[in-house]
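Chemist: See model34.cif below, with mmCIF, C-alpha atoms and all ligand atoms.
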data_structure
loop_
_atom_site.label_atom_id
_atom_site.label_comp_id
_atom_site.auth_asym_id
_atom_site.auth_seq_id
_atom_site.Cartn_x
_atom_site.Cartn_y
_atom_site.Cartn_z
CA MET A 751 5.47 -31.90 25.88
CA LYS A 752 7.73 -33.58 28.42
CA ILE A 753 10.53 -31.38 29.70
CA ILE A 754 13.82 -31.83 31.51
CA ASP A 755 15.41 -28.65 32.80
CA ALA A 756 19.10 -29.53 32.45
CA HIS A 757 20.40 -26.52 34.40
CA ILE A 758 19.02 -24.92 37.55
CA HIS A 759 20.52 -23.70 40.81
CA PHE A 760 18.91 -24.71 44.07
CA CYS A 761 21.07 -24.02 47.04
CA PRO A 762 18.91 -23.02 50.00
CA GLY A 763 20.68 -20.46 52.14
CA ILE A 764 22.16 -18.40 49.29
CA GLU A 765 20.27 -15.15 49.76
CA SER A 766 21.01 -13.74 46.29
CA PHE A 767 19.25 -16.74 44.71
CA ARG A 768 16.12 -16.06 46.77
CA MET A 769 16.05 -12.47 45.51
CA LEU A 770 16.58 -13.54 41.90
CA ALA A 771 13.72 -16.04 42.19
CA GLU A 772 11.40 -13.32 43.43
CA GLN A 773 12.46 -10.96 40.64
CA ALA A 774 11.64 -13.70 38.13
CA GLY A 775 8.19 -14.25 39.67
CA HIS A 776 8.98 -17.30 41.81
CA ARG A 777 9.56 -18.34 45.39
CA TYR A 778 12.81 -20.05 46.31
CA THR A 779 11.36 -23.11 47.99
CA GLU A 780 11.20 -26.79 47.18
CA GLU A 781 7.38 -26.77 47.41
CA HIS A 782 7.07 -23.90 44.94
CA LEU A 783 9.52 -25.50 42.52
CA GLN A 784 7.71 -28.82 42.66
CA ALA A 785 4.33 -27.14 42.08
CA GLU A 786 5.71 -25.17 39.11
CA PHE A 787 7.29 -28.30 37.65
CA SER A 788 4.05 -30.25 37.74
CA ARG A 789 2.09 -27.30 36.32
CA LEU A 790 4.54 -26.89 33.42
CA GLY A 791 5.24 -30.57 32.70
CA ILE A 792 8.86 -30.49 33.87
CA GLU A 793 9.74 -34.04 34.84
CA TYR A 794 13.22 -33.53 36.25
CA ALA A 795 15.81 -30.82 36.71
CA VAL A 796 19.56 -31.00 37.10
CA VAL A 797 20.86 -28.78 39.91
CA MET A 798 24.30 -27.31 39.28
CA GLY A 799 26.16 -27.46 42.60
CA ASN A 800 27.39 -24.15 44.01
CA ARG A 801 29.46 -25.35 46.91
CA ALA A 802 32.67 -27.35 47.26
CA PRO A 803 32.46 -31.17 47.09
CA ASP A 804 33.06 -31.54 50.86
CA GLU A 805 30.18 -29.23 51.79
CA ASP A 806 27.83 -29.80 48.90
CA ILE A 807 25.03 -31.62 50.67
CA PRO A 808 22.47 -31.41 47.95
CA VAL A 809 18.77 -31.02 48.48
CA CYS A 810 17.46 -33.71 46.20
CA PRO A 811 13.84 -34.74 46.33
CA GLY A 812 12.88 -37.17 43.57
CA PHE A 813 12.40 -34.56 40.85
CA LEU A 814 15.88 -33.08 41.27
CA HIS A 815 19.27 -34.54 40.37
CA TYR A 816 22.53 -32.71 40.76
CA CYS A 817 26.01 -32.16 39.43
CA VAL A 818 28.64 -31.94 42.13
CA GLY A 819 29.98 -28.40 41.86
CA LEU A 820 33.57 -27.20 41.96
CA ASP A 821 32.67 -23.61 42.65
CA SER A 822 34.63 -21.94 45.46
CA GLY A 823 36.32 -23.62 48.42
CA TRP A 824 37.90 -26.74 46.88
CA GLU A 825 41.34 -25.56 45.73
CA GLN A 826 42.99 -26.15 49.12
CA LEU A 827 42.15 -29.87 48.95
CA ASP A 828 44.98 -32.07 47.67
CA GLU A 829 44.49 -33.96 44.45
CA GLN A 830 43.73 -37.31 46.02
CA ARG A 831 41.25 -35.94 48.56
CA LEU A 832 39.45 -33.98 45.85
CA ALA A 833 39.15 -37.07 43.67
CA GLU A 834 37.85 -39.12 46.62
CA LEU A 835 35.20 -36.54 47.45
CA VAL A 836 34.05 -36.20 43.86
CA GLU A 837 33.93 -39.97 43.52
CA GLN A 838 31.75 -40.25 46.63
CA HIS A 839 29.25 -38.01 44.88
CA LEU A 840 29.47 -39.82 41.56
CA ARG A 841 28.59 -43.08 43.30
CA ARG A 842 25.22 -41.63 44.31
CA PRO A 843 22.40 -42.27 41.84
CA ASP A 844 21.07 -38.72 42.23
CA CYS A 845 24.47 -37.22 41.31
CA VAL A 846 24.41 -37.10 37.52
CA GLY A 847 27.63 -35.23 36.72
CA ILE A 848 30.29 -32.71 37.69
CA LYS A 849 29.96 -28.92 37.28
CA LEU A 850 33.01 -26.71 36.72
CA TYR A 851 33.27 -22.92 36.87
CA PRO A 852 36.62 -22.18 35.15
CA GLY A 853 35.79 -18.51 34.46
CA TYR A 854 35.16 -17.88 38.14
CA ARG A 855 38.07 -20.02 39.38
CA HIS A 856 40.59 -18.48 36.94
CA ARG A 857 41.66 -21.86 35.60
CA TYR A 858 41.52 -23.17 32.08
CA VAL A 859 39.43 -26.24 31.35
CA GLY A 860 42.76 -27.94 30.54
CA ASP A 861 44.12 -27.22 34.04
CA ARG A 862 45.91 -30.27 35.47
CA ARG A 863 43.70 -30.22 38.58
CA TYR A 864 40.65 -30.98 36.48
CA ALA A 865 42.17 -33.89 34.54
CA PRO A 866 41.62 -36.67 37.15
CA LEU A 867 37.99 -35.59 37.38
CA TYR A 868 37.49 -36.03 33.63
CA GLU A 869 38.70 -39.61 34.03
CA LEU A 870 36.36 -40.21 36.95
CA ALA A 871 33.44 -38.80 34.98
CA ALA A 872 34.15 -41.25 32.14
CA GLN A 873 34.49 -44.11 34.59
CA TYR A 874 31.05 -43.38 36.07
CA ASP A 875 29.57 -42.53 32.67
CA LYS A 876 28.46 -39.09 33.90
CA PRO A 877 29.14 -35.80 32.08
CA VAL A 878 31.21 -32.76 33.02
CA ALA A 879 29.16 -29.58 32.69
CA ILE A 880 31.20 -26.42 32.28
CA HIS A 881 30.16 -22.82 32.62
CA THR A 882 31.07 -21.29 29.26
CA GLY A 883 30.51 -17.79 27.92
CA ALA A 884 29.78 -14.53 29.70
CA THR A 885 30.49 -14.38 33.42
CA ALA A 886 28.34 -12.51 35.92
CA GLY A 887 29.95 -9.78 38.03
CA GLY A 888 33.46 -8.41 37.95
CA MET A 889 35.30 -11.40 39.42
CA GLY A 890 34.92 -13.79 36.50
CA LEU A 891 37.50 -13.79 33.69
CA LEU A 892 36.21 -14.40 30.21
CA LYS A 893 39.34 -16.00 28.77
CA TYR A 894 38.89 -19.03 31.06
CA ALA A 895 35.22 -19.35 30.11
CA HIS A 896 35.65 -19.34 26.35
CA PRO A 897 34.04 -22.42 24.74
CA LEU A 898 37.07 -23.00 22.52
CA THR A 899 39.02 -24.01 25.64
CA VAL A 900 36.86 -27.15 25.88
CA ASP A 901 38.14 -28.46 22.53
CA GLU A 902 41.46 -29.68 23.90
CA ALA A 903 39.96 -31.45 26.92
CA ALA A 904 37.31 -33.06 24.71
CA ALA A 905 40.00 -34.35 22.36
CA GLN A 906 42.22 -35.60 25.20
CA PHE A 907 39.36 -37.33 27.03
CA PRO A 908 37.23 -38.82 24.25
CA GLN A 909 35.41 -41.11 26.70
CA THR A 910 34.17 -38.14 28.75
CA ARG A 911 31.01 -36.23 27.83
CA PHE A 912 31.27 -32.45 28.18
CA VAL A 913 28.41 -29.95 28.32
CA LEU A 914 28.96 -26.33 27.27
CA CYS A 915 26.58 -24.58 29.64
CA HIS A 916 24.90 -21.50 28.12
CA PHE A 917 26.05 -22.64 24.65
CA GLY A 918 29.15 -20.46 25.16
CA ASN A 919 27.01 -17.36 24.69
CA PRO A 920 27.93 -14.95 23.10
CA TRP A 921 30.68 -17.08 21.46
CA LEU A 922 28.09 -19.09 19.58
CA THR A 923 30.25 -19.76 16.52
CA ASP A 924 33.04 -21.20 18.68
CA ALA A 925 30.65 -23.32 20.73
CA ALA A 926 29.10 -24.72 17.54
CA ALA A 927 32.55 -25.48 16.10
CA VAL A 928 33.64 -27.35 19.24
CA MET A 929 30.41 -29.37 19.25
CA GLU A 930 30.64 -30.21 15.58
CA LYS A 931 34.22 -31.40 15.88
CA ASN A 932 33.90 -33.38 19.08
CA GLU A 933 31.27 -36.09 19.30
CA ASN A 934 31.49 -35.97 23.10
CA VAL A 935 30.53 -32.28 23.45
CA PHE A 936 26.95 -31.11 24.04
CA ALA A 937 25.47 -27.79 25.15
CA ASP A 938 22.64 -26.46 27.26
CA LEU A 939 20.60 -23.38 26.40
CA SER A 940 20.32 -21.98 29.89
CA GLY A 941 20.82 -18.39 30.97
CA LEU A 942 20.16 -16.67 27.65
CA LEU A 943 17.62 -14.39 29.37
CA GLU A 944 17.31 -12.86 32.81
CA GLY A 945 14.27 -12.04 34.92
CA ARG A 946 10.88 -11.48 33.31
CA VAL A 947 10.61 -10.07 29.80
CA ASP A 948 8.06 -8.97 27.25
CA MET A 949 8.62 -11.69 24.68
CA ASP A 950 7.41 -9.81 21.57
CA THR A 951 9.46 -6.73 22.38
CA LEU A 952 12.46 -8.92 23.16
CA PHE A 953 12.29 -10.63 19.77
CA GLN A 954 11.77 -7.32 17.94
CA GLU A 955 14.66 -5.58 19.66
CA ASN A 956 17.08 -8.49 19.34
CA GLU A 957 16.22 -9.74 15.90
CA GLY A 958 19.84 -9.90 14.75
CA TYR A 959 21.03 -11.74 17.83
CA PHE A 960 18.24 -14.31 17.71
CA SER A 961 18.87 -14.89 14.04
CA LEU A 962 22.52 -15.65 14.86
CA LEU A 963 21.47 -17.87 17.70
CA ARG A 964 19.22 -19.89 15.39
CA THR A 965 21.98 -20.12 12.78
CA TRP A 966 24.56 -21.54 15.19
CA MET A 967 22.14 -23.77 17.06
CA GLY A 968 21.24 -25.45 13.79
CA TYR A 969 24.77 -25.51 12.37
CA ALA A 970 25.89 -28.97 11.26
CA GLY A 971 23.04 -30.82 12.94
CA GLY A 972 23.51 -28.89 16.16
CA TYR A 973 19.95 -29.39 17.45
CA GLU A 974 20.82 -33.05 18.07
CA LYS A 975 23.18 -32.00 20.86
CA LEU A 976 21.35 -29.12 22.50
CA MET A 977 19.49 -29.41 25.79
CA TYR A 978 16.87 -27.22 27.31
CA GLY A 979 17.92 -25.58 30.57
CA THR A 980 16.93 -22.38 32.31
CA ASP A 981 19.51 -21.27 34.93
CA TRP A 982 16.59 -20.81 37.34
CA PRO A 983 16.23 -18.77 39.60
CA LEU A 984 17.53 -16.27 37.02
CA VAL A 985 14.53 -16.66 34.74
CA ASN A 986 10.82 -17.24 34.83
CA LEU A 987 10.21 -20.94 34.15
CA GLU A 988 7.07 -20.56 32.06
CA GLN A 989 8.50 -17.74 29.96
CA TYR A 990 11.71 -19.61 29.29
CA ILE A 991 9.84 -22.59 27.85
CA ALA A 992 8.01 -20.20 25.49
CA PHE A 993 11.32 -18.50 24.64
CA ILE A 994 13.18 -21.67 23.65
CA ALA A 995 10.09 -23.08 21.89
CA ARG A 996 10.10 -19.94 19.74
CA LEU A 997 13.79 -20.29 18.86
CA VAL A 998 13.98 -24.03 18.18
CA PRO A 999 12.07 -25.49 15.19
CA GLU A 1000 9.12 -27.56 16.37
CA CYS A 1001 10.41 -30.79 14.86
CA TRP A 1002 13.33 -30.61 17.32
CA HIS A 1003 11.30 -29.89 20.46
CA ASP A 1004 11.20 -33.47 21.82
CA LYS A 1005 14.91 -33.81 21.35
CA VAL A 1006 15.91 -30.43 22.81
CA PHE A 1007 13.37 -30.26 25.64
CA TYR A 1008 13.73 -33.86 26.79
CA GLU A 1009 15.53 -36.64 24.96
CA THR A 1010 19.08 -35.35 24.76
CA ALA A 1011 19.22 -34.45 28.46
CA LYS A 1012 17.83 -37.86 29.32
CA GLN A 1013 20.71 -39.48 27.43
CA VAL A 1014 23.53 -37.11 28.38
CA TYR A 1015 22.71 -37.12 32.11
CA SER A 1016 21.44 -40.75 32.06
CA LEU A 1017 18.19 -39.70 33.79
ZN ZN A 1101 24.02 -21.72 36.01
#
Translate this file's structure into C-alpha cells.

Modeler:
Amino acid sequence: MKIIDAHIHFCPGIESFRMLAEQAGHRYTEEHLQAEFSRLGIEYAVVMGNRAPDEDIPVCPGFLHYCVGLDSGWEQLDEQRLAELVEQHLRRPDCVGIKLYPGYRHRYVGDRRYAPLYELAAQYDKPVAIHTGATAGGMGLLKYAHPLTVDEAAAQFPQTRFVLCHFGNPWLTDAAAVMEKNENVFADLSGLLEGRVDMDTLFQENEGYFSLLRTWMGYAGGYEKLMYGTDWPLVNLEQYIAFIARLVPECWHDKVFYETAKQVYSL
C-alpha cells in the first residue's frame, strides 16, 4: 500500500518534539524519518510549519513537503507584509499549503487577518490546513478550534480548499456536517492517538468512541474526503498505520492512505 502522511511536524531545534519522538519509539532526525518512511512505504509527508512565515525555513528533503505555518510570532506583521511572506512560500514547489492554529492564536477562522491568505491559497491552488478540535496544554482555547467555525470561511471562499486537521476530534459530528455541506472541505485523521499503545486493549477500552468515529467518518460519503496523517512525532508511525487501517474499511484504504492527499495537496 502506498502512503502519504498528510500531517507531521518536523522542526529541528524544538526540544519537546525530540522528546515526543523518543516516547513514541523514534529518533527526531531526518535520517531516521527517511529510513522509517522507506520501511513502511510512506512516499511523502506534509510538514505542518510551527514557526512564523518570516522564520519558517523548512527542512525539506525530497520526501517532505510543507505547509507554511502561522503559529506564533506573525501577528505583529502588517497585513501586506504577511501576505508577501506567505506568497513567497506558496511560490515554492515544496510548499503545498498554509497551516493555521486558530485555537492557539485565539482567533476565529473567520478573522479578517486570515481572509487575504484564503484568497492567496486559492490563487496558488494550495489548501489551508486548520488545527481543529482539542488543543494541547492550557493555552489553547477550544471555541476557536471548533470545526463548525470553518463552515463560514468555506462558504465565503468556495475556491479555497480547507483541511480540518484531526477531523475536529472530538467534535466529529460537526466536522462531518461541515465536510458534507462544503465541497471544498476535507479532513485529516492525524493525532487521534498519542505515544505507543496496546492496540487490542485500546480498541476494547474505547469501543464506543471508535464506533462513533467510524460512523462519522463514513457519514454521507465521508471516506472520499479523509486523508491519512499521523501528527508525528506524537505517535508511532507503524502503529498509526495499523490503527487507521483497522478503523477505515479496506475498500477505502487507497483513497484515505494516498489518493485524496495527493489531490488535495497536489503532490
Ligand atoms: Zn499537528

Chemist: So what do you get for atom CA of A:Asp861 versus atom CA of A:Leu835, distance-wise?

Modeler: 18.6 Å

Chemist: Could you state the separation of atom CA of A:Pro866 and atom CA of A:Leu850 in Å, given to one decimal place?

Modeler: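 Rounded to one decimal, the two atoms are 13.2 Å apart.
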
Chemist: May I have the residues within 8 Å of stretch 989-992 of chain A as a short mmCIF file (atom, residue, chain, number, x, y, z; two decimals) with C-alpha atoms, in the frame of the given file, using all atoms listed in the file and disregarding those fewer than 5 positions away in the same chain?

Modeler:
data_model
loop_
_atom_site.label_atom_id
_atom_site.label_comp_id
_atom_site.auth_asym_id
_atom_site.auth_seq_id
_atom_site.Cartn_x
_atom_site.Cartn_y
_atom_site.Cartn_z
CA LEU A 943 17.62 -14.39 29.37
CA ARG A 946 10.88 -11.48 33.31
CA VAL A 947 10.61 -10.07 29.80
CA THR A 980 16.93 -22.38 32.31
#

Chemist: What residues have any atom no more than 8 Å from ligand ZN 1101 (chain A) when counting only C-alpha atoms and all ligand atoms, and can you list them as a PyMOL selection string?

Modeler: chain A and resi 757-759+798+881+915-916+940-941+981-982

Chemist: Kindly give the distance, in Å, that separates atom CA of A:Glu955 and atom CA of A:Met977, rounded to a single decimal.

Modeler: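 The value is 25.1 Å.
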
Chemist: I need the residue nearest A:Lys1005 from this list: A:Glu793, A:Glu834, A:Glu974, A:Glu805. Use only C-alpha atoms for the distance.

Modeler: A:Glu974

Chemist: Is it possible to add N, CA and C atoms to stretch 957-985 of chain A and hand it back as a compact mmCIF listing (two decimals), in the frame of the given file?

Modeler:
# COMPACT_ATOMS: atom_id res chain seq x y z
N GLU A 957 16.42 -8.93 17.09
CA GLU A 957 16.22 -9.74 15.90
C GLU A 957 17.55 -10.32 15.36
N GLY A 958 18.55 -9.46 15.30
CA GLY A 958 19.84 -9.90 14.75
C GLY A 958 20.47 -10.99 15.60
N TYR A 959 20.44 -10.77 16.91
CA TYR A 959 21.03 -11.74 17.83
C TYR A 959 20.31 -13.08 17.75
N PHE A 960 18.97 -13.05 17.75
CA PHE A 960 18.24 -14.31 17.71
C PHE A 960 18.41 -15.03 16.38
N SER A 961 18.61 -14.26 15.33
CA SER A 961 18.87 -14.89 14.04
C SER A 961 20.22 -15.62 14.07
N LEU A 962 21.21 -15.00 14.70
CA LEU A 962 22.52 -15.65 14.86
C LEU A 962 22.41 -16.90 15.73
N LEU A 963 21.65 -16.76 16.79
CA LEU A 963 21.47 -17.87 17.70
C LEU A 963 20.87 -19.07 16.96
N ARG A 964 19.84 -18.80 16.16
CA ARG A 964 19.22 -19.89 15.39
C ARG A 964 20.23 -20.50 14.42
N THR A 965 21.00 -19.64 13.76
CA THR A 965 21.98 -20.12 12.78
C THR A 965 22.95 -21.09 13.42
N TRP A 966 23.51 -20.71 14.59
CA TRP A 966 24.56 -21.54 15.19
C TRP A 966 24.00 -22.71 15.97
N MET A 967 22.76 -22.60 16.43
CA MET A 967 22.14 -23.77 17.06
C MET A 967 21.93 -24.86 16.03
N GLY A 968 21.55 -24.47 14.83
CA GLY A 968 21.24 -25.45 13.79
C GLY A 968 22.44 -25.89 12.97
N TYR A 969 23.57 -25.25 13.18
CA TYR A 969 24.77 -25.51 12.37
C TYR A 969 25.20 -26.97 12.48
N ALA A 970 25.39 -27.59 11.34
CA ALA A 970 25.89 -28.97 11.26
C ALA A 970 25.15 -29.93 12.20
N GLY A 971 23.83 -29.89 12.13
CA GLY A 971 23.04 -30.82 12.94
C GLY A 971 23.07 -30.53 14.42
N GLY A 972 23.33 -29.28 14.76
CA GLY A 972 23.51 -28.89 16.16
C GLY A 972 22.33 -29.20 17.09
N TYR A 973 21.11 -29.16 16.57
CA TYR A 973 19.95 -29.39 17.45
C TYR A 973 19.99 -30.75 18.13
N GLU A 974 20.65 -31.70 17.50
CA GLU A 974 20.82 -33.05 18.07
C GLU A 974 21.48 -32.99 19.45
N LYS A 975 22.33 -31.98 19.66
CA LYS A 975 23.18 -32.00 20.86
C LYS A 975 22.88 -30.85 21.82
N LEU A 976 21.71 -30.23 21.61
CA LEU A 976 21.35 -29.12 22.50
C LEU A 976 20.31 -29.56 23.51
N MET A 977 20.43 -29.05 24.73
CA MET A 977 19.49 -29.41 25.79
C MET A 977 18.85 -28.17 26.37
N TYR A 978 17.58 -28.29 26.64
CA TYR A 978 16.87 -27.22 27.31
C TYR A 978 17.38 -27.08 28.75
N GLY A 979 17.55 -25.86 29.18
CA GLY A 979 17.92 -25.58 30.57
C GLY A 979 17.59 -24.13 30.81
N THR A 980 17.40 -23.74 32.07
CA THR A 980 16.93 -22.38 32.31
C THR A 980 17.96 -21.48 33.01
N ASP A 981 18.70 -22.05 33.98
CA ASP A 981 19.51 -21.27 34.93
C ASP A 981 18.62 -20.66 36.01
N TRP A 982 17.43 -21.25 36.22
CA TRP A 982 16.59 -20.81 37.34
C TRP A 982 17.43 -20.76 38.60
N PRO A 983 17.31 -19.77 39.47
CA PRO A 983 16.23 -18.77 39.60
C PRO A 983 16.41 -17.49 38.78
N LEU A 984 17.31 -17.49 37.80
CA LEU A 984 17.53 -16.27 37.02
C LEU A 984 16.37 -15.92 36.09
N VAL A 985 15.57 -16.91 35.74
CA VAL A 985 14.53 -16.66 34.74
C VAL A 985 13.18 -17.18 35.23
